Amino acid sequence: MNFSSKLFEPFLLVTSQIYKAIVLLRLQCYKNGWLKTHQPETPVISVGNLTVGGTGKTPVVDFLVKEIQNQKKRPAILSRGYRRKNGSTQQRFRFCEDSTIDQDIIGDEPFLLALRNPEVPVYVGSSRITAARSAEIRDHPDVLILDDAYQHLAIRRDLNILLIDAERGLGNGSLLPLGILREPENQWVRADVIIITKTNLAASDSVMQMLKNELKVNCPVFKFSYEPQRLSRLDGQAQLNVLQLKGKRLLLTSGIAQPAGFGLLLEQQGGNVIRKLEFQDHHDYVFKDVQKILHEKEKLQPDYIVTTEKDAVKLRKFPELLEKLWILEVGVHPEDSWNNYFTEFLNNL
């Protein structure tokens, strides 16, 4: 911690304690029934985390959606649609019905989930209770999936999945803004199952030891790795096998919460990352950013410019990049024991 950080530490500590008090008061209100919890008629799976940003919720939700469909069940996705425009208005999207969806209206993650699952309805809105009712009336799903909803206690869930990033764990154990926790770490107790994500990018032993020895976790814990699947050109007209990256000079551009893992995935495939252009999470790209990317391309002459699926959602609107940018498509791979666990859960619905 540098001098300036130490100077602000007392302020951050006080703010963190105030935030913690508010969080605990809210939890108590739900526990005592002062705030009500809605029970949808449809079974609910929630995916979320205790920390801010970067645990890989979207790939896990995408994976669950596909697993549910493999079991001949119909899912619907409910999301708040973080940082979308017209955030107070409920929206329903289904790519097989309308491929002209505006990313600004639906939000980054919901758009990506709709794109990767064109048959699945995606609802975004400030009230997930309203969205759940709308989904039940219009789409009659077998399962509702709540995206980024560990703190959303207004809806009862049948399976509460808590994600913990193998790279960061739970940080320093402090709440915002002193640490990265949204609520105290002992609130893992609301989870039915814990998934440690990105276990191929960081050793998960320390996280596992923390869960078992410090937090005394007694629910099932599974490990998920995040593996590159292929690269697709931004215009959708070409693809690359990840093995073709070996020895290639790569220029990366991303606006995600944890960009280090993005670079590491490519380096594990033998790629030579020569430059990283990193923007803030959920960055809204403008023409100036595109010019910066193209300037670095001219200067460094990389073999490929690579971005994330989340960033590609926003970068497709720039024709200058359509034939120059490549998207790294990533999938999650669970340990074998997960398959039996989740199949049994779905069979018991």
# chains A, B, ... in the order shown; residues from 1 in each chain; ligands from 1

call {"tool": "residues_around", "arguments": {"residues": "region 180-197 of chain A", "least_positions_apart": "2", "cutoff": "7 Å", "atoms": "only C-alpha atoms", "output": "PDB file with C-alpha atoms, in the first residue's frame"}}
result
ATOM      1  CA  LYS A  20     -21.627  -2.977   6.181  1.00  0.00           C
ATOM      2  CA  VAL A  23     -26.105  -4.327   4.270  1.00  0.00           C
ATOM      3  CA  LEU A  50     -20.131 -11.844  -2.855  1.00  0.00           C
ATOM      4  CA  THR A  51     -17.593  -9.624  -4.610  1.00  0.00           C
ATOM      5  CA  VAL A  52     -17.700  -6.898  -7.257  1.00  0.00           C
ATOM      6  CA  THR A  55     -16.027 -13.772 -11.280  1.00  0.00           C
ATOM      7  CA  GLY A  56     -17.261 -14.962 -14.670  1.00  0.00           C
ATOM      8  CA  LEU A 159     -30.833 -23.298  -6.270  1.00  0.00           C
ATOM      9  CA  ASN A 160     -28.625 -20.447  -5.062  1.00  0.00           C
ATOM     10  CA  ILE A 161     -25.223 -20.608  -6.769  1.00  0.00           C
ATOM     11  CA  LEU A 162     -22.359 -18.546  -5.338  1.00  0.00           C
ATOM     12  CA  LEU A 163     -19.338 -17.924  -7.572  1.00  0.00           C
ATOM     13  CA  ILE A 164     -15.876 -17.236  -6.151  1.00  0.00           C
ATOM     14  CA  ASP A 165     -13.011 -16.253  -8.429  1.00  0.00           C
ATOM     15  CA  ALA A 166      -9.895 -18.420  -8.015  1.00  0.00           C
ATOM     16  CA  LEU A 170     -12.763 -12.799  -1.347  1.00  0.00           C
ATOM     17  CA  GLY A 171     -10.056 -10.165  -1.373  1.00  0.00           C
ATOM     18  CA  GLY A 173     -12.187  -9.702   3.695  1.00  0.00           C
ATOM     19  CA  SER A 174     -13.432  -6.104   3.833  1.00  0.00           C
ATOM     20  CA  LEU A 175     -16.553  -4.614   2.302  1.00  0.00           C
ATOM     21  CA  LEU A 176     -16.606  -1.818  -0.238  1.00  0.00           C
ATOM     22  CA  PRO A 177     -14.836   0.528  -0.638  1.00  0.00           C
ATOM     23  CA  THR A 199      -9.350 -22.631 -11.743  1.00  0.00           C
ATOM     24  CA  LEU A 215     -15.535 -20.047   6.796  1.00  0.00           C
ATOM     25  CA  CYS A 219     -22.316 -26.964   1.114  1.00  0.00           C
ATOM     26  CA  PRO A 220     -21.016 -28.627  -2.085  1.00  0.00           C
ATOM     27  CA  VAL A 221     -18.050 -26.861  -3.721  1.00  0.00           C
ATOM     28  CA  PHE A 222     -17.125 -27.382  -7.386  1.00  0.00           C
ATOM     29  CA  LYS A 223     -14.286 -26.157  -9.608  1.00  0.00           C
ATOM     30  CA  PHE A 224     -14.892 -24.683 -13.064  1.00  0.00           C
ATOM     31  CA  SER A 225     -12.124 -23.911 -15.548  1.00  0.00           C
TER      32      SER A 225
END

call {"tool": "residues_around", "arguments": {"residues": "Gly107 (chain A)", "least_positions_apart": "3", "cutoff": "6 Å", "atoms": "only C-alpha atoms", "output": "list of chain:residue names"}}
result
A:Gly81, A:Arg84, A:Gln103, A:Asp104, A:Pro110, A:Phe111

call {"tool": "residues_around", "arguments": {"residues": "Gln239 (chain A)", "least_positions_apart": "3", "cutoff": "9 Å", "atoms": "only C-alpha atoms", "output": "list in words"}}
result
Arg230, Leu231, Ser232, Arg233, Gly236 and Trp326 of chain A

call {"tool": "select_by_dssp", "arguments": {"residues": "region 121-261 of chain A", "states": "helix (DSSP H, G or I)", "output": "PDB file with N, CA and C atoms, in the first residue's frame"}}
result
ATOM      1  N   ARG A 128     -37.133  -7.710 -11.033  1.00  0.00           N
ATOM      2  CA  ARG A 128     -37.084  -9.083 -11.522  1.00  0.00           C
ATOM      3  C   ARG A 128     -38.343  -9.865 -11.123  1.00  0.00           C
ATOM      4  N   ILE A 129     -39.077  -9.354 -10.148  1.00  0.00           N
ATOM      5  CA  ILE A 129     -40.365  -9.961  -9.820  1.00  0.00           C
ATOM      6  C   ILE A 129     -41.332  -9.771 -10.992  1.00  0.00           C
ATOM      7  N   THR A 130     -41.383  -8.554 -11.506  1.00  0.00           N
ATOM      8  CA  THR A 130     -42.222  -8.269 -12.669  1.00  0.00           C
ATOM      9  C   THR A 130     -41.761  -9.069 -13.875  1.00  0.00           C
ATOM     10  N   ALA A 131     -40.441  -9.150 -14.051  1.00  0.00           N
ATOM     11  CA  ALA A 131     -39.901  -9.908 -15.179  1.00  0.00           C
ATOM     12  C   ALA A 131     -40.255 -11.387 -15.068  1.00  0.00           C
ATOM     13  N   ALA A 132     -40.189 -11.932 -13.845  1.00  0.00           N
ATOM     14  CA  ALA A 132     -40.536 -13.345 -13.637  1.00  0.00           C
ATOM     15  C   ALA A 132     -41.994 -13.600 -14.000  1.00  0.00           C
ATOM     16  N   ARG A 133     -42.871 -12.710 -13.575  1.00  0.00           N
ATOM     17  CA  ARG A 133     -44.296 -12.873 -13.891  1.00  0.00           C
ATOM     18  C   ARG A 133     -44.530 -12.787 -15.393  1.00  0.00           C
ATOM     19  N   SER A 134     -43.857 -11.850 -16.040  1.00  0.00           N
ATOM     20  CA  SER A 134     -44.006 -11.700 -17.491  1.00  0.00           C
ATOM     21  C   SER A 134     -43.523 -12.945 -18.217  1.00  0.00           C
ATOM     22  N   ALA A 135     -42.380 -13.487 -17.769  1.00  0.00           N
ATOM     23  CA  ALA A 135     -41.831 -14.685 -18.406  1.00  0.00           C
ATOM     24  C   ALA A 135     -42.772 -15.877 -18.248  1.00  0.00           C
ATOM     25  N   GLU A 136     -43.346 -16.013 -17.056  1.00  0.00           N
ATOM     26  CA  GLU A 136     -44.256 -17.130 -16.806  1.00  0.00           C
ATOM     27  C   GLU A 136     -45.512 -17.047 -17.674  1.00  0.00           C
ATOM     28  N   ILE A 137     -46.011 -15.840 -17.862  1.00  0.00           N
ATOM     29  CA  ILE A 137     -47.234 -15.658 -18.648  1.00  0.00           C
ATOM     30  C   ILE A 137     -46.967 -15.854 -20.142  1.00  0.00           C
ATOM     31  N   ARG A 138     -45.850 -15.302 -20.628  1.00  0.00           N
ATOM     32  CA  ARG A 138     -45.607 -15.304 -22.075  1.00  0.00           C
ATOM     33  C   ARG A 138     -44.877 -16.544 -22.571  1.00  0.00           C
ATOM     34  N   GLU A 185     -18.383 -11.936   4.277  1.00  0.00           N
ATOM     35  CA  GLU A 185     -18.055 -13.232   3.692  1.00  0.00           C
ATOM     36  C   GLU A 185     -18.825 -14.387   4.327  1.00  0.00           C
ATOM     37  N   ASN A 186     -19.319 -14.191   5.581  1.00  0.00           N
ATOM     38  CA  ASN A 186     -20.080 -15.277   6.209  1.00  0.00           C
ATOM     39  C   ASN A 186     -21.458 -15.467   5.573  1.00  0.00           C
ATOM     40  N   GLN A 187     -21.824 -14.596   4.648  1.00  0.00           N
ATOM     41  CA  GLN A 187     -23.107 -14.750   3.962  1.00  0.00           C
ATOM     42  C   GLN A 187     -23.071 -15.829   2.886  1.00  0.00           C
ATOM     43  N   TRP A 188     -21.960 -16.559   2.801  1.00  0.00           N
ATOM     44  CA  TRP A 188     -21.940 -17.743   1.960  1.00  0.00           C
ATOM     45  C   TRP A 188     -23.035 -18.718   2.401  1.00  0.00           C
ATOM     46  N   VAL A 189     -23.496 -18.575   3.654  1.00  0.00           N
ATOM     47  CA  VAL A 189     -24.458 -19.539   4.206  1.00  0.00           C
ATOM     48  C   VAL A 189     -25.763 -19.571   3.410  1.00  0.00           C
ATOM     49  N   ARG A 190     -26.053 -18.540   2.631  1.00  0.00           N
ATOM     50  CA  ARG A 190     -27.271 -18.559   1.816  1.00  0.00           C
ATOM     51  C   ARG A 190     -27.103 -19.414   0.561  1.00  0.00           C
ATOM     52  N   ASP A 205      -6.257 -23.797  -4.497  1.00  0.00           N
ATOM     53  CA  ASP A 205      -6.066 -24.446  -3.200  1.00  0.00           C
ATOM     54  C   ASP A 205      -6.286 -23.477  -2.045  1.00  0.00           C
ATOM     55  N   SER A 206      -5.771 -22.239  -2.183  1.00  0.00           N
ATOM     56  CA  SER A 206      -5.906 -21.279  -1.089  1.00  0.00           C
ATOM     57  C   SER A 206      -7.366 -20.900  -0.867  1.00  0.00           C
ATOM     58  N   VAL A 207      -8.138 -20.773  -1.964  1.00  0.00           N
ATOM     59  CA  VAL A 207      -9.560 -20.465  -1.839  1.00  0.00           C
ATOM     60  C   VAL A 207     -10.285 -21.625  -1.172  1.00  0.00           C
ATOM     61  N   MET A 208      -9.954 -22.841  -1.580  1.00  0.00           N
ATOM     62  CA  MET A 208     -10.587 -24.016  -0.992  1.00  0.00           C
ATOM     63  C   MET A 208     -10.278 -24.128   0.503  1.00  0.00           C
ATOM     64  N   GLN A 209      -9.030 -23.864   0.870  1.00  0.00           N
ATOM     65  CA  GLN A 209      -8.651 -23.910   2.286  1.00  0.00           C
ATOM     66  C   GLN A 209      -9.379 -22.838   3.085  1.00  0.00           C
ATOM     67  N   MET A 210      -9.517 -21.645   2.498  1.00  0.00           N
ATOM     68  CA  MET A 210     -10.234 -20.552   3.166  1.00  0.00           C
ATOM     69  C   MET A 210     -11.693 -20.935   3.408  1.00  0.00           C
ATOM     70  N   LEU A 211     -12.309 -21.542   2.400  1.00  0.00           N
ATOM     71  CA  LEU A 211     -13.708 -21.935   2.530  1.00  0.00           C
ATOM     72  C   LEU A 211     -13.900 -22.984   3.613  1.00  0.00           C
ATOM     73  N   LYS A 212     -13.033 -23.979   3.636  1.00  0.00           N
ATOM     74  CA  LYS A 212     -13.208 -25.093   4.559  1.00  0.00           C
ATOM     75  C   LYS A 212     -12.734 -24.774   5.974  1.00  0.00           C
ATOM     76  N   ASN A 213     -11.577 -24.127   6.084  1.00  0.00           N
ATOM     77  CA  ASN A 213     -10.973 -23.929   7.402  1.00  0.00           C
ATOM     78  C   ASN A 213     -11.423 -22.646   8.093  1.00  0.00           C
ATOM     79  N   GLU A 214     -11.565 -21.555   7.336  1.00  0.00           N
ATOM     80  CA  GLU A 214     -11.920 -20.269   7.937  1.00  0.00           C
ATOM     81  C   GLU A 214     -13.434 -20.049   7.973  1.00  0.00           C
ATOM     82  N   VAL A 242      -7.863 -22.124 -31.792  1.00  0.00           N
ATOM     83  CA  VAL A 242      -6.978 -21.483 -30.806  1.00  0.00           C
ATOM     84  C   VAL A 242      -5.542 -21.967 -30.948  1.00  0.00           C
ATOM     85  N   LEU A 243      -5.336 -23.166 -31.511  1.00  0.00           N
ATOM     86  CA  LEU A 243      -3.979 -23.685 -31.701  1.00  0.00           C
ATOM     87  C   LEU A 243      -3.194 -22.850 -32.710  1.00  0.00           C
ATOM     88  N   GLN A 244      -3.916 -22.115 -33.561  1.00  0.00           N
ATOM     89  CA  GLN A 244      -3.264 -21.270 -34.552  1.00  0.00           C
ATOM     90  C   GLN A 244      -2.636 -20.015 -33.943  1.00  0.00           C
ATOM     91  N   LEU A 245      -2.865 -19.793 -32.658  1.00  0.00           N
ATOM     92  CA  LEU A 245      -2.290 -18.618 -31.992  1.00  0.00           C
ATOM     93  C   LEU A 245      -0.843 -18.837 -31.565  1.00  0.00           C
ATOM     94  N   PRO A 259      -8.990  -8.050 -16.532  1.00  0.00           N
ATOM     95  CA  PRO A 259      -8.377  -8.284 -17.843  1.00  0.00           C
ATOM     96  C   PRO A 259      -7.155  -9.205 -17.816  1.00  0.00           C
ATOM     97  N   ALA A 260      -6.555  -9.408 -16.650  1.00  0.00           N
ATOM     98  CA  ALA A 260      -5.349 -10.243 -16.586  1.00  0.00           C
ATOM     99  C   ALA A 260      -5.641 -11.666 -17.043  1.00  0.00           C
ATOM    100  N   GLY A 261      -6.799 -12.202 -16.654  1.00  0.00           N
ATOM    101  CA  GLY A 261      -7.157 -13.562 -17.034  1.00  0.00           C
ATOM    102  C   GLY A 261      -7.337 -13.712 -18.530  1.00  0.00           C
TER     103      GLY A 261
END

call {"tool": "residues_around", "arguments": {"residues": "Gln90 (chain A)", "least_positions_apart": "6", "cutoff": "9 Å", "atoms": "only C-alpha atoms", "output": "VMD selection string"}}
result
chain A and resid 123 to 127 130 to 131

call {"tool": "write_last_selection", "arguments": {"atoms": "C-alpha atoms", "output": "mmCIF file, in the first residue's frame"}}
result
data_model
loop_
_atom_site.group_PDB
_atom_site.id
_atom_site.type_symbol
_atom_site.label_atom_id
_atom_site.label_comp_id
_atom_site.auth_asym_id
_atom_site.auth_seq_id
_atom_site.Cartn_x
_atom_site.Cartn_y
_atom_site.Cartn_z
ATOM 1 C CA TYR A 123 -35.854 -10.337 -19.772
ATOM 2 C CA VAL A 124 -34.215 -7.178 -18.452
ATOM 3 C CA GLY A 125 -35.738 -4.708 -16.041
ATOM 4 C CA SER A 126 -35.381 -3.022 -12.685
ATOM 5 C CA SER A 127 -37.915 -5.429 -11.127
ATOM 6 C CA THR A 130 -42.222 -8.269 -12.669
ATOM 7 C CA ALA A 131 -39.901 -9.908 -15.179
#

call {"tool": "residues_around", "arguments": {"residues": "Ile101 (chain A)", "least_positions_apart": "6", "cutoff": "12 Å", "atoms": "only C-alpha atoms", "output": "list of chain:residue names"}}
result
A:Gln91, A:Arg92, A:Phe93, A:Arg94, A:Phe95, A:Gly107, A:Asp108, A:Pro110, A:Phe111, A:Leu112, A:Ala114, A:Leu115, A:Pro118, A:Val122, A:Val313

call {"tool": "residues_around", "arguments": {"residues": "Glu296 (chain A)", "least_positions_apart": "6", "cutoff": "12 Å", "atoms": "only C-alpha atoms", "output": "compact mmCIF listing (two decimals) with N, CA and C atoms, in the first residue's frame"}}
result
# COMPACT_ATOMS: atom_id res chain seq x y z
N LEU A 250 0.19 -10.82 -30.54
CA LEU A 250 -1.19 -10.45 -30.28
C LEU A 250 -1.30 -9.08 -29.63
N LEU A 251 -2.20 -8.28 -30.15
CA LEU A 251 -2.59 -7.01 -29.54
C LEU A 251 -3.97 -7.22 -28.92
N LEU A 252 -4.09 -6.96 -27.62
CA LEU A 252 -5.35 -7.21 -26.92
C LEU A 252 -6.04 -5.89 -26.60
N THR A 253 -7.36 -5.90 -26.69
CA THR A 253 -8.15 -4.76 -26.22
C THR A 253 -9.35 -5.28 -25.45
N ILE A 274 1.86 -8.77 -27.10
CA ILE A 274 2.83 -7.68 -27.21
C ILE A 274 2.30 -6.36 -26.67
N ARG A 275 0.98 -6.24 -26.51
CA ARG A 275 0.42 -4.98 -26.00
C ARG A 275 -1.00 -5.24 -25.53
N LYS A 276 -1.38 -4.58 -24.41
CA LYS A 276 -2.73 -4.68 -23.87
C LYS A 276 -3.34 -3.28 -23.77
N LEU A 277 -4.45 -3.08 -24.46
CA LEU A 277 -5.22 -1.85 -24.31
C LEU A 277 -6.38 -2.17 -23.37
N ASP A 289 -11.48 5.70 -29.25
CA ASP A 289 -10.92 4.41 -28.82
C ASP A 289 -10.55 3.55 -30.03
N VAL A 290 -11.42 3.58 -31.03
CA VAL A 290 -11.16 2.81 -32.25
C VAL A 290 -9.88 3.32 -32.92
N PRO A 302 0.75 -6.36 -35.26
CA PRO A 302 0.48 -7.68 -34.66
C PRO A 302 -0.09 -8.64 -35.71
N TYR A 304 -2.60 -10.63 -34.91
CA TYR A 304 -4.03 -10.55 -34.65
C TYR A 304 -4.31 -9.51 -33.56
N ILE A 305 -5.47 -8.83 -33.69
CA ILE A 305 -6.00 -8.01 -32.61
C ILE A 305 -7.14 -8.83 -32.00
